[in-house]
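Listing of structure.txt, compact mmCIF, C-alpha atoms and all ligand atoms
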# COMPACT_ATOMS: atom_id res chain seq x y z
CA MET A 272 0.00 0.00 0.00
CA GLU A 273 1.58 3.25 -1.20
CA PRO A 274 0.80 6.22 -3.39
CA HIS A 275 2.00 6.10 -7.04
CA LEU A 276 2.21 2.29 -7.27
CA LEU A 277 0.28 2.26 -10.54
CA GLY A 278 3.08 4.29 -12.12
CA ASP A 279 5.67 1.71 -11.11
CA PRO A 280 4.37 -1.78 -11.98
CA GLU A 281 7.86 -3.34 -11.90
CA ARG A 282 7.65 -3.02 -8.10
CA TRP A 283 4.64 -5.28 -7.77
CA LEU A 284 4.41 -7.50 -10.85
CA PRO A 285 5.50 -11.06 -10.01
CA ALA A 286 8.78 -12.34 -11.44
CA GLY A 287 8.26 -13.88 -14.88
CA SER A 288 5.40 -11.53 -15.83
CA LEU A 289 7.09 -10.72 -19.15
CA GLU A 290 6.40 -14.30 -20.22
CA LYS A 291 2.75 -13.97 -19.21
CA ARG A 292 -0.22 -12.63 -21.13
CA LEU A 293 -1.40 -9.62 -19.14
CA VAL A 294 -5.08 -8.71 -19.28
CA ILE A 295 -6.31 -5.57 -17.52
CA ILE A 296 -9.99 -5.89 -16.64
CA THR A 297 -11.62 -2.63 -15.60
CA ASP A 298 -14.78 -0.58 -16.00
CA LYS A 299 -15.26 2.38 -18.32
CA ASN A 300 -14.89 4.97 -15.52
CA VAL A 301 -11.73 3.53 -14.06
CA GLU A 302 -10.36 3.00 -17.57
CA LYS A 303 -10.61 6.75 -18.08
CA TYR A 304 -8.92 7.61 -14.77
CA TYR A 305 -6.29 4.88 -14.47
CA GLY A 306 -6.69 2.20 -17.16
CA ASN A 307 -4.91 4.02 -19.91
CA HIS A 308 -2.24 5.20 -17.47
CA LEU A 309 -1.56 1.60 -16.40
CA LEU A 310 -1.64 0.43 -20.02
CA ASN A 311 1.11 2.95 -20.83
CA GLN A 312 3.23 1.83 -17.87
CA LEU A 313 2.93 -1.78 -19.05
CA ILE A 314 3.71 -1.09 -22.69
CA ASN A 315 6.57 -3.64 -22.75
CA TYR A 316 4.14 -6.37 -21.68
CA LYS A 317 1.69 -5.67 -24.53
CA PRO A 318 -1.32 -6.07 -22.27
CA LEU A 319 -4.89 -6.45 -23.42
CA LEU A 320 -7.34 -4.00 -21.79
CA LEU A 321 -10.97 -5.05 -21.49
CA SER A 322 -13.58 -2.78 -19.95
CA PHE A 323 -17.30 -2.89 -19.31
CA PRO A 324 -19.93 -0.33 -18.26
CA PRO A 325 -19.51 0.65 -14.59
CA GLY A 326 -21.89 -0.33 -11.82
CA GLU A 327 -23.63 -3.23 -10.15
CA LYS A 328 -25.91 -3.87 -13.12
CA SER A 329 -22.89 -5.10 -15.10
CA LYS A 330 -22.00 -7.78 -12.53
CA ASN A 331 -23.84 -10.53 -14.38
CA TYR A 332 -23.47 -13.61 -16.60
CA ARG A 333 -23.57 -11.55 -19.77
CA THR A 334 -20.59 -9.36 -18.89
CA LYS A 335 -18.63 -12.39 -17.72
CA GLN A 336 -19.31 -14.22 -20.95
CA THR A 337 -18.43 -11.20 -23.11
CA LEU A 338 -15.10 -10.71 -21.34
CA GLU A 339 -14.23 -14.41 -21.48
CA GLU A 340 -15.04 -14.61 -25.17
CA GLU A 341 -12.83 -11.56 -25.80
CA MET A 342 -10.00 -13.27 -23.93
CA LEU A 343 -10.49 -16.46 -25.97
CA ARG A 344 -10.63 -14.45 -29.20
CA HIS A 345 -7.25 -12.92 -28.27
CA HIS A 346 -5.84 -16.42 -27.62
CA CYS A 347 -5.28 -15.81 -23.91
CA GLY A 348 -4.06 -19.11 -22.49
CA LYS A 349 -3.50 -20.69 -19.12
CA ASP A 350 -0.47 -18.39 -18.65
CA THR A 351 -2.69 -15.30 -18.51
CA LEU A 352 -2.40 -12.94 -15.54
CA ILE A 353 -5.47 -10.78 -14.96
CA LEU A 354 -5.08 -7.33 -13.38
CA ALA A 355 -8.41 -6.44 -11.78
CA LEU A 356 -8.31 -2.64 -11.80
CA GLY A 357 -11.33 -1.05 -10.16
CA GLY A 358 -13.87 -1.25 -7.39
CA GLY A 359 -15.62 -4.29 -5.98
CA VAL A 360 -17.65 -4.89 -9.14
CA VAL A 361 -14.51 -5.22 -11.24
CA GLY A 362 -12.76 -7.25 -8.51
CA ASP A 363 -15.62 -9.73 -8.11
CA MET A 364 -16.08 -10.09 -11.87
CA ALA A 365 -12.38 -10.37 -12.78
CA GLY A 366 -11.79 -12.71 -9.83
CA PHE A 367 -14.63 -15.00 -10.91
CA ILE A 368 -13.31 -15.03 -14.47
CA ALA A 369 -9.83 -15.88 -13.13
CA ALA A 370 -11.34 -18.71 -11.06
CA THR A 371 -13.05 -20.39 -14.01
CA TYR A 372 -11.04 -19.40 -17.11
CA MET A 373 -9.21 -22.53 -18.28
CA ARG A 374 -10.07 -23.99 -14.85
CA GLY A 375 -8.24 -21.22 -13.01
CA ILE A 376 -5.61 -18.59 -13.79
CA SER A 377 -3.84 -16.07 -11.56
CA TYR A 378 -4.96 -12.52 -10.94
CA ILE A 379 -3.91 -9.42 -9.03
CA GLN A 380 -6.41 -7.16 -7.30
CA ILE A 381 -5.77 -3.43 -7.80
CA PRO A 382 -8.64 -1.91 -5.81
CA THR A 383 -9.48 1.70 -6.60
CA THR A 384 -12.41 2.31 -4.23
CA LEU A 385 -12.14 2.37 -0.44
CA LEU A 386 -14.70 -0.46 -0.26
CA ALA A 387 -12.59 -2.60 -2.55
CA ILE A 388 -9.42 -1.76 -0.57
CA VAL A 389 -10.78 -2.75 2.83
CA ASP A 390 -13.28 -5.36 1.82
CA SER A 391 -13.78 -6.95 -1.58
CA SER A 392 -10.12 -7.27 -2.67
CA ILE A 393 -9.25 -9.27 0.46
CA GLY A 394 -10.49 -12.76 1.19
CA GLY A 395 -10.89 -14.35 -2.22
CA LYS A 396 -14.67 -14.10 -2.58
CA THR A 397 -15.64 -13.69 -6.23
CA GLY A 398 -18.98 -13.77 -7.96
CA ILE A 399 -21.83 -12.26 -9.92
CA ASN A 400 -25.45 -11.32 -9.33
CA THR A 401 -28.53 -12.96 -10.83
CA LYS A 402 -32.07 -11.62 -10.97
CA GLN A 403 -32.77 -13.61 -7.77
CA GLY A 404 -30.19 -11.68 -5.75
CA LYS A 405 -26.63 -10.50 -5.25
CA ASN A 406 -23.53 -12.66 -5.34
CA LEU A 407 -25.56 -15.87 -5.61
CA ILE A 408 -23.14 -17.45 -8.08
CA GLY A 409 -19.44 -17.42 -7.32
CA THR A 410 -16.48 -19.09 -5.75
CA PHE A 411 -13.45 -18.51 -3.55
CA TRP A 412 -10.34 -17.67 -5.58
CA HIS A 413 -7.48 -15.76 -3.99
CA PRO A 414 -5.48 -13.13 -5.86
CA THR A 415 -1.71 -13.51 -6.12
CA ALA A 416 -1.35 -10.00 -4.71
CA VAL A 417 -3.35 -6.94 -3.75
CA VAL A 418 -1.82 -3.66 -4.90
CA ILE A 419 -3.16 -0.53 -3.21
CA ASP A 420 -2.29 2.84 -4.72
CA MET A 421 -3.68 5.37 -2.23
CA ASN A 422 -3.68 8.08 -4.90
CA CYS A 423 -6.68 6.41 -6.52
CA LEU A 424 -8.75 7.62 -3.58
CA LEU A 425 -8.25 11.22 -4.71
CA THR A 426 -10.70 10.86 -7.59
CA LEU A 427 -13.24 8.77 -5.69
CA PRO A 428 -16.63 10.50 -5.34
CA GLN A 429 -17.50 11.35 -1.71
CA ALA A 430 -20.46 8.93 -1.68
CA HIS A 431 -18.08 6.09 -2.51
CA LEU A 432 -15.64 7.20 0.18
CA ILE A 433 -18.51 6.98 2.68
CA ASN A 434 -19.51 3.62 1.18
CA GLY A 435 -16.07 2.26 2.11
CA LEU A 436 -15.96 3.98 5.49
CA VAL A 437 -19.06 2.06 6.54
CA GLU A 438 -17.15 -1.19 5.98
CA VAL A 439 -14.24 0.13 8.05
CA PHE A 440 -16.60 1.05 10.90
CA LYS A 441 -18.39 -2.30 10.56
CA ILE A 442 -15.09 -4.11 11.18
CA PHE A 443 -14.24 -1.90 14.17
CA ILE A 444 -17.76 -2.17 15.67
CA THR A 445 -17.59 -5.98 15.65
CA SER A 446 -13.95 -6.41 16.55
CA ASP A 447 -12.01 -3.43 17.90
CA LYS A 448 -13.43 -0.82 20.28
CA ASP A 449 -10.21 1.24 20.44
CA SER A 450 -10.03 1.61 16.67
CA PHE A 451 -13.74 2.45 16.60
CA ASN A 452 -13.19 5.28 19.08
CA GLU A 453 -10.07 6.54 17.32
CA ALA A 454 -11.79 6.57 13.92
CA ARG A 455 -14.91 8.13 15.45
CA HIS A 456 -12.87 11.02 16.82
CA GLY A 457 -10.91 11.43 13.56
CA ILE A 458 -14.02 11.34 11.38
CA HIS A 459 -13.66 14.90 10.05
CA LYS A 460 -10.02 14.32 9.00
CA ILE A 461 -11.08 11.06 7.38
CA MET A 462 -13.91 12.71 5.47
CA ASN A 463 -11.43 15.35 4.27
CA ARG A 464 -9.15 12.52 3.01
CA ASP A 465 -6.26 13.23 5.34
CA PHE A 466 -4.01 10.48 3.95
CA SER A 467 -2.17 9.54 7.15
CA THR A 468 -5.44 9.18 9.11
CA LEU A 469 -6.99 7.21 6.26
CA GLU A 470 -3.93 4.97 5.94
CA ASN A 471 -4.00 4.30 9.67
CA ILE A 472 -7.63 3.14 9.70
CA ILE A 473 -7.19 1.14 6.49
CA GLN A 474 -4.18 -0.71 7.97
CA ARG A 475 -6.09 -1.46 11.17
CA ALA A 476 -9.22 -2.66 9.33
CA LEU A 477 -7.15 -4.82 6.97
CA LYS A 478 -5.26 -6.41 9.85
CA ILE A 479 -8.52 -7.41 11.54
CA LYS A 480 -10.09 -8.66 8.32
CA ILE A 481 -7.03 -10.73 7.36
CA ASP A 482 -6.90 -12.19 10.86
CA ILE A 483 -10.57 -13.25 10.63
CA ILE A 484 -10.19 -14.72 7.14
CA THR A 485 -7.07 -16.64 8.13
CA GLN A 486 -9.04 -18.29 10.91
CA ASP A 487 -12.11 -19.09 8.80
CA GLU A 488 -11.45 -18.86 5.06
CA LYS A 489 -14.68 -20.51 3.87
CA ASP A 490 -17.21 -18.50 5.85
CA ASN A 491 -18.18 -21.36 8.12
CA ASN A 492 -18.14 -19.51 11.39
CA LEU A 493 -15.99 -16.58 12.59
CA ARG A 494 -15.92 -14.93 9.13
CA MET A 495 -19.67 -14.56 9.38
CA ILE A 496 -19.16 -11.59 11.72
CA LEU A 497 -18.13 -9.63 8.63
CA ASN A 498 -21.79 -9.98 7.64
CA PHE A 499 -22.82 -7.69 10.48
CA GLY A 500 -25.53 -5.38 9.13
CA HIS A 501 -25.85 -7.48 5.98
CA THR A 502 -29.06 -9.43 6.71
CA ILE A 503 -31.00 -6.15 6.69
CA GLY A 504 -28.54 -4.44 4.32
CA HIS A 505 -28.88 -7.03 1.53
CA ALA A 506 -32.68 -7.04 1.86
CA LEU A 507 -32.69 -3.26 1.60
CA GLU A 508 -30.49 -3.29 -1.50
CA LYS A 509 -32.85 -5.76 -3.15
CA ILE A 510 -36.00 -3.80 -2.23
CA MET A 511 -34.42 -0.65 -3.64
CA ASN A 512 -33.45 -2.51 -6.79
CA TYR A 513 -29.75 -1.93 -6.09
CA THR A 514 -30.09 1.85 -6.40
CA LEU A 515 -28.74 2.29 -2.85
CA LEU A 516 -24.96 1.95 -2.45
CA HIS A 517 -23.93 -1.23 -0.61
CA GLY A 518 -22.27 0.65 2.27
CA TYR A 519 -25.30 2.88 2.85
CA ALA A 520 -27.55 -0.21 2.95
CA VAL A 521 -25.15 -1.94 5.34
CA ALA A 522 -25.00 1.16 7.57
CA LEU A 523 -28.79 1.14 7.89
CA GLY A 524 -28.56 -2.63 8.45
CA ILE A 525 -26.00 -2.06 11.21
CA LEU A 526 -28.31 0.44 12.91
CA VAL A 527 -31.18 -2.09 12.90
CA GLU A 528 -29.05 -5.08 13.92
CA ALA A 529 -27.36 -3.04 16.68
CA LYS A 530 -30.83 -1.94 17.81
CA ILE A 531 -31.87 -5.62 18.07
CA ALA A 532 -28.89 -6.15 20.41
CA GLU A 533 -29.89 -3.09 22.40
CA LEU A 534 -33.50 -4.30 22.69
CA ALA A 535 -32.18 -7.71 23.79
CA GLY A 536 -30.20 -5.98 26.54
CA TRP A 537 -26.74 -6.90 25.17
CA LEU A 538 -25.70 -3.49 23.86
CA SER A 539 -25.91 -0.37 26.04
CA ALA A 540 -27.95 2.62 24.90
CA GLU A 541 -24.74 4.68 25.07
CA ASP A 542 -22.91 2.32 22.68
CA TYR A 543 -25.88 2.37 20.33
CA GLN A 544 -25.78 6.17 20.31
CA SER A 545 -22.04 6.21 19.47
CA ILE A 546 -22.74 4.02 16.43
CA GLN A 547 -25.69 6.19 15.47
CA SER A 548 -23.62 9.38 15.76
CA VAL A 549 -20.82 8.00 13.56
CA PHE A 550 -23.30 7.27 10.79
CA LEU A 551 -24.97 10.66 11.22
CA ASN A 552 -21.54 12.21 10.63
CA LEU A 553 -21.38 10.22 7.41
CA GLY A 554 -24.82 11.59 6.47
CA ILE A 555 -26.70 8.33 7.13
CA ALA A 556 -29.75 8.49 9.43
CA GLY A 557 -32.09 5.69 10.50
CA SER A 558 -35.05 7.87 9.47
CA GLN A 559 -34.15 6.97 5.86
CA LEU A 560 -35.85 3.63 6.61
CA LYS A 561 -39.22 5.38 7.03
CA LYS A 562 -40.04 4.92 3.36
CA ILE A 563 -39.56 1.14 3.57
CA ASN A 564 -42.63 -0.99 4.18
CA ILE A 565 -41.88 -3.32 7.11
CA ASN A 566 -43.68 -6.32 5.55
CA THR A 567 -41.78 -5.90 2.28
CA MET A 568 -38.59 -5.88 4.33
CA MET A 569 -39.58 -9.01 6.26
CA SER A 570 -40.21 -10.89 2.99
CA ALA A 571 -36.90 -9.73 1.46
CA ILE A 572 -34.98 -10.93 4.51
CA LYS A 573 -36.21 -14.47 3.89
CA ILE A 574 -33.88 -15.05 0.94
CA ASP A 575 -30.55 -14.23 2.58
CA LYS A 576 -27.60 -16.64 2.09
CA LYS A 577 -27.16 -16.99 5.89
CA ASN A 578 -30.70 -18.35 6.32
CA LYS A 579 -31.21 -21.81 7.74
CA SER A 580 -34.50 -23.64 7.16
CA GLY A 581 -35.96 -20.41 5.78
CA GLN A 582 -35.17 -18.50 8.99
CA ALA A 583 -33.14 -15.28 8.77
CA ARG A 584 -30.03 -15.09 10.94
CA TYR A 585 -28.15 -12.09 12.29
CA VAL A 586 -24.76 -11.16 13.64
CA LEU A 587 -25.49 -9.50 16.97
CA LEU A 588 -23.37 -7.28 19.20
CA ASN A 589 -22.44 -7.89 22.78
CA GLY A 590 -20.94 -4.40 23.09
CA ILE A 591 -18.79 -2.36 20.69
CA GLY A 592 -15.87 -4.51 19.53
CA GLN A 593 -17.59 -7.75 20.56
CA THR A 594 -20.08 -10.03 18.88
CA TYR A 595 -22.52 -12.30 20.68
CA ARG A 596 -21.58 -15.98 20.45
CA ASP A 597 -23.81 -18.81 21.50
CA ASN A 598 -22.48 -22.38 21.55
CA GLY A 599 -19.74 -21.32 19.12
CA ALA A 600 -22.25 -19.82 16.64
CA PHE A 601 -21.82 -16.26 15.36
CA VAL A 602 -25.20 -15.84 13.62
CA HIS A 603 -28.51 -16.12 15.41
CA ALA A 604 -32.18 -16.38 14.66
CA VAL A 605 -34.25 -13.42 15.87
CA SER A 606 -38.04 -13.38 16.13
CA ASP A 607 -39.91 -11.41 13.46
CA ASP A 608 -41.47 -9.33 16.21
CA MET A 609 -38.09 -8.23 17.52
CA VAL A 610 -36.87 -7.35 14.01
CA LYS A 611 -40.03 -5.32 13.34
CA LYS A 612 -39.62 -3.52 16.65
CA ALA A 613 -35.99 -2.65 15.85
CA LEU A 614 -36.91 -1.47 12.33
CA ALA A 615 -39.66 0.76 13.72
CA SER A 616 -37.44 2.17 16.45
CA VAL A 617 -34.54 2.98 14.11
CA SER A 618 -36.74 4.63 11.51
CA GLU A 619 -38.45 6.77 14.16
CA ALA A 620 -35.14 8.11 15.55
N1 LIG A 701 -15.82 -10.06 -2.75
C1 LIG A 701 -16.12 -9.55 -1.60
O1 LIG A 701 -15.69 -10.02 -0.54
C2 LIG A 701 -16.98 -8.32 -1.55
C3 LIG A 701 -17.12 -7.62 -0.37
C4 LIG A 701 -17.87 -6.45 -0.37
C5 LIG A 701 -18.48 -6.01 -1.54
N2 LIG A 701 -18.32 -6.74 -2.67
C6 LIG A 701 -18.92 -6.27 -3.92
O2 LIG A 701 -18.31 -5.05 -4.29
C7 LIG A 701 -19.20 -4.34 -5.14
C8 LIG A 701 -19.21 -2.89 -4.76
O3 LIG A 701 -17.91 -2.36 -4.89
P1 LIG A 701 -17.64 -0.79 -5.03
O4 LIG A 701 -18.39 -0.08 -3.99
O5 LIG A 701 -16.18 -0.61 -5.12
O6 LIG A 701 -18.40 -0.41 -6.37
P2 LIG A 701 -17.95 -0.24 -7.89
O7 LIG A 701 -16.95 -1.23 -8.28
O8 LIG A 701 -19.21 -0.20 -8.66
O9 LIG A 701 -17.27 1.19 -7.91
C9 LIG A 701 -18.03 2.32 -7.60
C10 LIG A 701 -17.98 3.39 -8.69
O10 LIG A 701 -16.78 4.13 -8.54
C11 LIG A 701 -16.07 4.16 -9.77
N3 LIG A 701 -14.67 4.19 -9.40
C12 LIG A 701 -13.93 3.16 -8.96
N4 LIG A 701 -12.73 3.60 -8.56
C13 LIG A 701 -12.71 4.94 -8.76
C14 LIG A 701 -11.75 5.95 -8.51
N5 LIG A 701 -10.59 5.69 -7.93
N6 LIG A 701 -12.06 7.22 -8.86
C15 LIG A 701 -13.27 7.51 -9.39
N7 LIG A 701 -14.24 6.59 -9.63
C16 LIG A 701 -13.95 5.32 -9.30
C17 LIG A 701 -16.54 2.95 -10.52
O11 LIG A 701 -16.40 3.10 -11.91
C18 LIG A 701 -18.01 2.88 -10.10
O12 LIG A 701 -18.76 3.75 -10.90
C19 LIG A 701 -20.53 -5.02 -4.99
O13 LIG A 701 -20.80 -5.75 -6.15
C20 LIG A 701 -20.37 -5.96 -3.82
O14 LIG A 701 -21.15 -7.12 -3.91
C21 LIG A 701 -17.59 -7.87 -2.70
As structure tokens - that is how I would like this structure written.
Ligand SMILES: NC(=O)c1ccc[n+]([C@@H]2O[C@H](COP(=O)([O-])OP(=O)(O)OC[C@H]3O[C@@H](n4cnc5c(N)ncnc54)[C@H](O)[C@@H]3O)[C@@H](O)[C@H]2O)c1
Amino acid sequence: MEPHLLGDPERWLPAGSLEKRLVIITDKNVEKYYGNHLLNQLINYKPLLLSFPPGEKSKNYRTKQTLEEEMLRHHCGKDTLILALGGGVVGDMAGFIAATYMRGISYIQIPTTLLAIVDSSIGGKTGINTKQGKNLIGTFWHPTAVVIDMNCLLTLPQAHLINGLVEVFKIFITSDKDSFNEARHGIHKIMNRDFSTLENIIQRALKIKIDIITQDEKDNNLRMILNFGHTIGHALEKIMNYTLLHGYAVALGILVEAKIAELAGWLSAEDYQSIQSVFLNLGIAGSQLKKININTMMSAIKIDKKNKSGQARYVLLNGIGQTYRDNGAFVHAVSDDMVKKALASVSEA
């Protein structure tokens, strides 16, 4: 992780890359900002650059097939190295292509959004959406390396900075009270993109995430705590037809799922208010849930990946920096009544 890494690919390309077929996969926005720049830096490698329209709506079978057919048309073989240059959409798509192309080729994640830096580029989850929901088709496939050029954050729209900050706070809220408090107090510097403050919280969040993934790579248990806020968050994204940014949906999900813990008596009112005030500083208020019909929400929750026997399950807090664990389980069933109560309470605040 450093500024200007994109301008110096020799520092991060693996040995032997000159013998490889390099394919940059990116979206049309990132292509404009950084794709052509990277292409120029890699001129000696004669890379192929493939791009697709930006946004969640492109993360589907059709885009995957188009990119793969382009790679086949250009005779890309098993020795191909994909450079996934972009946000989480590019990373998930390029990673999934790398996982299945010729039964698996190597790839490097070059995340350009804060969300991709702290979340999607780490941990090897790849995949695409279908009309039934997000990320329903995919696999685990780890990148050879993750290259973070902090300078990319300079062009990131503020809404996408906030989108990533929610993931950082999610990690701290579940796992590290000190970092939560430090980031909470430095929120104005962070929002103004003070690089050293940003780097500090990114390093801390990455350390925690890597530690969790190392303990539970395949999402069987501990890794599920990274889904905090996601049972409600994913349902909200689906109801809003993916027009709400992932992080904003997760933030509202965190407020509801933290409220469930407060109603259950596990999280103090004071801790709940600290979480609420962080999100207010990011411009996210629980009252935004007012426009959501509670019954529509309850139905949408029923098709979450964490469900067991049709019952929705939640990561719940036991305080800031701590998740509730019962008999070794990190996700828990909650009665519909309790969820409805939490939803109503958060949207009234
Ligand atoms: N694999 C995982 O573990 C994991 C984890 C979390 C989220 N995700 C996935 O990540 C996706 C969301 O990722 P995202 O928020 O990065 O969205 P994104 O990839 O759509 O990027 C957001 C927007 O910012 C633009 N952009 C990217 N970098 C930029 C830059 N440096 N400057 C200016 N514009 C830039 C993109 O073109 C796009 O329009 C979702 O599909 C989600 O499911 C995956």
Would you work out the distance separating atom CA of Gly457 of chain A from atom CA of Ile472 of chain A, expressed in Å to one decimal?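 For atom CA of Gly457 of chain A relative to atom CA of Ile472 of chain A, the distance reads 9.7 Å.
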Selection within 6 Å of ligand LIG 701 (chain A) by all atoms listed in the file, output as a compact mmCIF listing (two decimals) with C-alpha atoms, in the coordinates of the input:
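Result saved to selection-v9.txt:
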# COMPACT_ATOMS: atom_id res chain seq x y z
CA ASP A 298 -14.78 -0.58 -16.00
CA ASN A 300 -14.89 4.97 -15.52
CA VAL A 301 -11.73 3.53 -14.06
CA PRO A 325 -19.51 0.65 -14.59
CA GLY A 326 -21.89 -0.33 -11.82
CA GLU A 327 -23.63 -3.23 -10.15
CA GLY A 357 -11.33 -1.05 -10.16
CA GLY A 358 -13.87 -1.25 -7.39
CA GLY A 359 -15.62 -4.29 -5.98
CA VAL A 360 -17.65 -4.89 -9.14
CA VAL A 361 -14.51 -5.22 -11.24
CA ASP A 363 -15.62 -9.73 -8.11
CA THR A 383 -9.48 1.70 -6.60
CA THR A 384 -12.41 2.31 -4.23
CA LEU A 386 -14.70 -0.46 -0.26
CA ALA A 387 -12.59 -2.60 -2.55
CA ASP A 390 -13.28 -5.36 1.82
CA SER A 391 -13.78 -6.95 -1.58
CA LYS A 396 -14.67 -14.10 -2.58
CA THR A 397 -15.64 -13.69 -6.23
CA CYS A 423 -6.68 6.41 -6.52
CA LEU A 424 -8.75 7.62 -3.58
CA THR A 426 -10.70 10.86 -7.59
CA LEU A 427 -13.24 8.77 -5.69
Near segment 539-551 of chain A, counting only C-alpha atoms, which residues have an atom at most 12 Å away, once you skip same-chain residues fewer than 3 positions from it, shown as a count of residues only? 57
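Taking atom CA of Ile484 of chain A and atom CA of Ala604 of chain A as the two end points, the separation is 23.3 Å.
Using only C-alpha atoms, the shortest contact distance between Gln312 of chain A and any of A:Arg282, A:Lys489, A:Lys330, A:Lys299 is found at A:Arg282.
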Spatial neighbours of Asp597 of chain A, 12 Å, only C-alpha atoms, chain gap at least 3 places, as an NGL selection string: :A and (492 or 586-589 or 594 or 600-604)
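We find atom CA of Gly409 of chain A and atom CA of Tyr332 of chain A to be spaced 10.8 Å apart.
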When you count all atoms listed in the file, which of these residues is closest to Asp607 of chain A: A:Ile574, A:Arg374, A:Tyr595, A:Met568?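 Of the candidates, the smallest distance to Asp607 of chain A is held by A:Met568.
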From A:Ala355, A:Leu338, A:Ile503, A:Leu560, residue lying nearest Val610 of chain A [only C-alpha atoms]: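 Among the listed residues, the smallest separation from Val610 of chain A belongs to A:Ile503.
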Within 7 Å of (-41.0, 0.0, 9.3) in the file's own coordinates, which protein, DNA or RNA residues have an atom, counting all atoms listed in the file? List them as a PyMOL selection string. chain A and resi 560-561+563-565+611+614-615+618
Pick the closest to Ala583 of chain A from A:Ala506, A:Met511, A:Leu343, A:Ile376: which is it, counting all atoms listed in the file? A:Ala506
Residues near Asn400 of chain A, anyone? I mean within 8 Å using all atoms listed in the file, not counting same-chain ones fewer than 3 positions away, as a list in words. Lys330, Asn331, Tyr332, Gln403, Gly404, Lys405, Asn406, Leu407 and Ile408 of chain A
Centre and edge lengths, as lines of an AutoDock Vina configuration file, for the axis-aligned box enclosing every listed atom of segment 484-493 of chain A with 4 Å of padding on each of the six sides, in Å to one decimal?
center_x = -12.6
center_y = -18.0
center_z = 8.2
size_x = 19.1
size_y = 14.6
size_z = 16.7
Quick one: residues within 9 Å of Phe367 of chain A, all atoms listed in the file counted, chain neighbours fewer than 5 positions away excluded, as a PyMOL selection string? chain A and resi 335+362+372+396-399+409-412
How would the residues just picked look written out with C-alpha atoms as a short mmCIF file (atom, residue, chain, number, x, y, z; two decimals), in the coordinates of the input?
data_model
loop_
_atom_site.label_atom_id
_atom_site.label_comp_id
_atom_site.auth_asym_id
_atom_site.auth_seq_id
_atom_site.Cartn_x
_atom_site.Cartn_y
_atom_site.Cartn_z
CA LYS A 335 -18.63 -12.39 -17.72
CA GLY A 362 -12.76 -7.25 -8.51
CA TYR A 372 -11.04 -19.40 -17.11
CA LYS A 396 -14.67 -14.10 -2.58
CA THR A 397 -15.64 -13.69 -6.23
CA GLY A 398 -18.98 -13.77 -7.96
CA ILE A 399 -21.83 -12.26 -9.92
CA GLY A 409 -19.44 -17.42 -7.32
CA THR A 410 -16.48 -19.09 -5.75
CA PHE A 411 -13.45 -18.51 -3.55
CA TRP A 412 -10.34 -17.67 -5.58
#
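Distances from A:Lys402, A:Ala365, A:Thr415, A:Arg292 to Asp350 of chain A were compared using all atoms listed in the file, and the smallest one belongs to A:Arg292.
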Who sits within 9 Å of Ile483 of chain A, all atoms listed in the file, same chain under 6 positions skipped, as a list in words: Leu493, Arg494, Ile496 and Leu497 of chain A
Counting only C-alpha atoms, the option among A:His501, A:Lys349, A:Lys478, A:Arg344 closest to Leu293 of chain A: A:Lys349
